[in-house]
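Comments concern the structure below.
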Amino acid sequence: MTRTRIFGGGPIGLSMRYALRQLWTVFGWTIHTGAKVNPRSLRNFPMQGNGAEMLRLACCFATEQGIRVCAPVHDALLIEAP
């Protein structure tokens with residue numbers, strides 16, 4: 001499978017995004033687009049948005065396991081350890 005087929009980055013997927021004027025992540029984080037949206041932003045949102053969703057899940061799972069999470073830092077977790 002190609003990246004275009006998996007993520008809908010081709011002309012059809014991009015056209016659908018323009019028509020809907022809205023994109024969302026797996027857990028519902030949404031971006032609304034206007035008439036003058038940058039096409040690269042539309043292609044990039046699923047990667048950045050779903051990456052953020054995974055980091056939020058990692059924070060939740062770490063906390064549930066008793067790990068003291070101080071903060072997410074870009075694409076990592078800052079934890080408190082003895």
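Ligands are numbered from 1 in the order shown, chains are lettered A, B, ... in the order of the structure tokens, and residues start at 1 in each chain.
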Could you please write out, as a ChimeraX atom specification, every residue of stretch 28-75 of chain A that DSSP assigns to strand (DSSP E or B)?
-> /A:30-32,68-73
Writer output for current selection, all heavy atoms, as a short mmCIF file (atom, residue, chain, number, x, y, z; two decimals), in the first residue's frame:
data_model
loop_
_atom_site.label_atom_id
_atom_site.label_comp_id
_atom_site.auth_asym_id
_atom_site.auth_seq_id
_atom_site.Cartn_x
_atom_site.Cartn_y
_atom_site.Cartn_z
N THR A 30 -10.75 18.34 16.23
CA THR A 30 -11.22 18.80 14.93
C THR A 30 -10.52 20.09 14.51
O THR A 30 -10.23 20.94 15.33
CB THR A 30 -12.74 19.06 15.00
OG1 THR A 30 -13.38 17.88 15.46
CG2 THR A 30 -13.30 19.41 13.63
N ILE A 31 -10.31 20.21 13.20
CA ILE A 31 -9.84 21.46 12.60
C ILE A 31 -10.86 21.82 11.52
O ILE A 31 -11.29 20.98 10.74
CB ILE A 31 -8.42 21.34 12.01
CG1 ILE A 31 -7.94 22.68 11.48
CG2 ILE A 31 -8.35 20.30 10.94
CD1 ILE A 31 -6.49 22.69 11.02
N HIS A 32 -11.28 23.07 11.55
CA HIS A 32 -12.20 23.58 10.53
C HIS A 32 -11.38 24.40 9.55
O HIS A 32 -10.55 25.22 9.95
CB HIS A 32 -13.29 24.44 11.17
CG HIS A 32 -14.12 23.69 12.15
ND1 HIS A 32 -15.21 22.94 11.77
CD2 HIS A 32 -14.00 23.53 13.48
CE1 HIS A 32 -15.73 22.37 12.84
NE2 HIS A 32 -15.01 22.71 13.89
N ARG A 68 4.79 9.13 37.46
CA ARG A 68 4.45 10.54 37.65
C ARG A 68 4.88 11.34 36.44
O ARG A 68 6.08 11.58 36.23
CB ARG A 68 5.07 11.07 38.92
CG ARG A 68 4.53 10.31 40.15
CD ARG A 68 4.99 10.87 41.42
NE ARG A 68 4.38 12.21 41.57
CZ ARG A 68 4.53 12.95 42.66
NH1 ARG A 68 5.27 12.52 43.65
NH2 ARG A 68 3.95 14.13 42.74
N VAL A 69 3.91 11.71 35.62
CA VAL A 69 4.18 12.49 34.40
C VAL A 69 4.14 13.96 34.76
O VAL A 69 3.13 14.48 35.25
CB VAL A 69 3.13 12.18 33.31
CG1 VAL A 69 3.37 13.03 32.08
CG2 VAL A 69 3.16 10.70 32.95
N CYS A 70 5.26 14.65 34.53
CA CYS A 70 5.32 16.09 34.81
C CYS A 70 4.73 16.88 33.65
O CYS A 70 3.98 17.83 33.86
CB CYS A 70 6.76 16.53 35.03
SG CYS A 70 7.53 15.73 36.46
N ALA A 71 5.09 16.49 32.43
CA ALA A 71 4.60 17.21 31.26
C ALA A 71 4.94 16.47 29.97
O ALA A 71 5.96 15.77 29.92
CB ALA A 71 5.24 18.60 31.21
N PRO A 72 4.11 16.62 28.95
CA PRO A 72 4.54 16.19 27.62
C PRO A 72 5.46 17.27 27.05
O PRO A 72 5.22 18.46 27.24
CB PRO A 72 3.23 16.10 26.83
CG PRO A 72 2.29 17.02 27.54
CD PRO A 72 2.73 17.06 28.97
N VAL A 73 6.53 16.85 26.41
CA VAL A 73 7.49 17.79 25.82
C VAL A 73 7.67 17.41 24.36
O VAL A 73 8.36 16.44 24.03
CB VAL A 73 8.85 17.74 26.55
CG1 VAL A 73 9.82 18.75 25.95
CG2 VAL A 73 8.68 17.99 28.04
#
Stretch 58-66 of chain A: which residues within 12 Å, counting only C-alpha atoms, same-chain residues fewer than 6 positions away excluded, as number ranges by chain?
-> A: 51-52, 72-73, 75-81
Have a look at A:Leu55, A:Leu23, A:Met47, A:Ala35 and name the one nearest to A:His74; count only C-alpha atoms.
->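 Using only C-alpha atoms, the shortest distance to A:His74 belongs to A:Leu55.
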Identify which of the residues A:Val26, A:Lys36, A:Pro82, A:Ile67 lies closest to A:Gly49, counting only C-alpha atoms when measuring atom-to-atom distances.
-> A:Val26
Atom CA of A:Leu42 and atom CA of A:Met54 are how many Å apart?
-> 19.2 Å
Do you have the atom CA of A:Asn44-atom CA of A:Trp24 distance handy?
-> 11.9 Å
